[in-house]
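Read the structure below first, then the notes.
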Amino acid sequence: MTTTTSTGLRRPSWRDPRLGLGVLLVAGSVALGSWIIGEANRTVEVYAAPEVLTPGEALAVEDLAVVQVGLAGAQDLYLLPGQLPEEELVITRTVHAGEIVPVSAVGPAAGVDVRTVAVPITTALAETIAPGSQVDLWVTMPDDDASAGAAAAGEPELLVEAVEVAAIAEDTSLFAGPGTMQAHLLVDVADLPGVLAATSADAPIAVVPLPGSGAA
């Protein structure tokens with residue numbers, strides 16, 4: 001007579017190391033998931049610009065908005081309430097309306113390498129550009145070689161390109177006509193001599209907006 005011996009599956013014991021490893025893996029996955037969800041929902045307060053801020057403009061906290069963001073590392077990259085240094089700071093690069101203010105966009109006034117130059121513009125042109133827009137400057141210098149009765153102006157020349165508009169204001173000077181406007185332009189220090197020479201020579205300067213950078 002043949003006897004058949006059947007081997008059944010043994011139930012794992014709590015002393016089985018594989019069971020302990022499985023419990024640790026499940027617990028670790030739950031903890032990691034909870035941490036990821038918590039980090040995703042964590043927000044921090046940062047400063048944002050309600051309006052365009054241009055280089056050289058004094059940093060005034062009361063003019064900034066406080067918003068909640070969920071950016072990782074925001075405390076290192078962006079301007080946070082309560083963490084401003086005591087010394088006076090200015091905007092060193094343009095911060096557009098609604099943009100979070102980066103730490104790299106503020107600094108001492110000595111770090112600003114542009115200067116503001118006012119150029120007359122028409123009212124119609126003033127409606128097409130705004131602070132933060134970029135424009136090219138063209139100048140028509142007097143032609144010193146022109147003979148009597150000939151045109152006294154030479155050909156228009158590109159004076160400087162991609163100059164940023166800091167502000168648009170009404171021209172209140174004594175010789176300005178009614179409704180005359182001025183564009184306050186941020187001119188790089190390296191380009192300043194040429195621009196000042198053109199303005200001092202009363203040479204006509206044309207402000208030409210760059211496509212896609214006009215008023216919204």
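By order in the structure tokens, chains are A, B, ...; within a chain, residues start at 1; ligands start at 1, following the order shown.
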Shell of 12 Å around Gly212 in chain A, only C-alpha atoms, local chain residues under 6 positions omitted, as a PyMOL selection string: chain A and resi 128-130+132-135
Just-selected residues, C-alpha atoms written as a PDB file, in the first residue's frame:
ATOM      1  CA  THR A 128       1.010 102.507 -27.763  1.00  0.00           C
ATOM      2  CA  ILE A 129       3.815 102.121 -25.213  1.00  0.00           C
ATOM      3  CA  ALA A 130       3.898 101.701 -21.445  1.00  0.00           C
ATOM      4  CA  GLY A 132       8.297  98.039 -19.379  1.00  0.00           C
ATOM      5  CA  SER A 133       7.941  98.439 -23.158  1.00  0.00           C
ATOM      6  CA  GLN A 134      11.039  98.467 -25.337  1.00  0.00           C
ATOM      7  CA  VAL A 135      11.764 100.968 -28.091  1.00  0.00           C
TER       8      VAL A 135
END
Item checked: Test item: residues at most 10 Å from range 117-125 of chain A, only C-alpha atoms, excluding those fewer than 5 positions along its chain, as a PyMOL selection string -> chain A and resi 130+137+165-171+176+179-187+192+195-196+199+204-209+214
I'd like the neighbourhood of Glu88 in chain A as a PyMOL selection string, where a residue qualifies if any of its atoms comes within 12 Å (using only C-alpha atoms), though same-chain residues fewer than 2 positions away should be ignored.
chain A and resi 56-61+84-86+90-91+106-110
Could you save the residues just selected, with N, CA and C atoms, as a CSV table (one decimal), in the first residue's frame?
chain,number,residue,atom,x,y,z
A,56,GLY,N,16.4,101.4,-10.9
A,56,GLY,CA,16.6,102.7,-10.3
A,56,GLY,C,15.5,103.1,-9.3
A,57,GLU,N,14.3,102.5,-9.4
A,57,GLU,CA,13.2,102.9,-8.6
A,57,GLU,C,13.4,102.4,-7.2
A,58,ALA,N,13.2,103.2,-6.2
A,58,ALA,CA,13.4,102.9,-4.8
A,58,ALA,C,12.4,101.8,-4.4
A,59,LEU,N,12.9,100.8,-3.6
A,59,LEU,CA,12.1,99.7,-3.2
A,59,LEU,C,11.2,100.1,-2.0
A,60,ALA,N,9.9,100.2,-2.2
A,60,ALA,CA,9.0,100.6,-1.2
A,60,ALA,C,8.1,99.5,-0.8
A,61,VAL,N,8.3,98.9,0.3
A,61,VAL,CA,7.5,97.7,0.7
A,61,VAL,C,6.0,98.0,0.7
A,84,LEU,N,13.7,91.8,4.8
A,84,LEU,CA,14.4,92.8,4.0
A,84,LEU,C,15.6,93.4,4.8
A,85,PRO,N,16.7,93.7,4.2
A,85,PRO,CA,17.8,94.3,4.9
A,85,PRO,C,17.5,95.7,5.3
A,86,GLU,N,18.2,96.3,6.2
A,86,GLU,CA,17.9,97.6,6.7
A,86,GLU,C,18.3,98.7,5.8
A,90,VAL,N,17.1,99.5,-4.2
A,90,VAL,CA,16.4,99.9,-5.4
A,90,VAL,C,16.2,98.7,-6.3
A,91,ILE,N,15.3,98.9,-7.3
A,91,ILE,CA,15.1,97.8,-8.3
A,91,ILE,C,16.3,97.9,-9.3
A,106,VAL,N,16.8,93.2,-6.8
A,106,VAL,CA,16.9,94.3,-5.9
A,106,VAL,C,18.4,94.4,-5.4
A,107,GLY,N,18.8,95.6,-5.1
A,107,GLY,CA,20.2,95.8,-4.6
A,107,GLY,C,20.5,97.3,-4.4
A,108,PRO,N,21.7,97.6,-4.1
A,108,PRO,CA,22.1,99.0,-3.9
A,108,PRO,C,22.0,99.8,-5.2
A,109,ALA,N,21.9,101.1,-5.0
A,109,ALA,CA,21.7,102.0,-6.2
A,109,ALA,C,23.0,101.9,-7.1
A,110,ALA,N,24.1,101.6,-6.5
A,110,ALA,CA,25.4,101.6,-7.3
A,110,ALA,C,25.4,100.5,-8.3
What separates CA of Gly154 in chain A and CA of Asp188 in chain A is a distance of 25.2 Å
Q: Could you check which of A:Ala105, A:Thr92, A:Val163, A:Val139 is closest to Gly194 in chain A, using only C-alpha atoms?
A: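 Checking each of A:Ala105, A:Thr92, A:Val163, A:Val139 against Gly194 in chain A, counting only C-alpha atoms, the winner is A:Val139.
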*Using CA of Ala97 in chain A and CA of Leu159 in chain A as the two end points, give the distance in Å to one decimal.*
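Straight-line distance from CA of Ala97 in chain A to CA of Leu159 in chain A works out to 28.7 Å.
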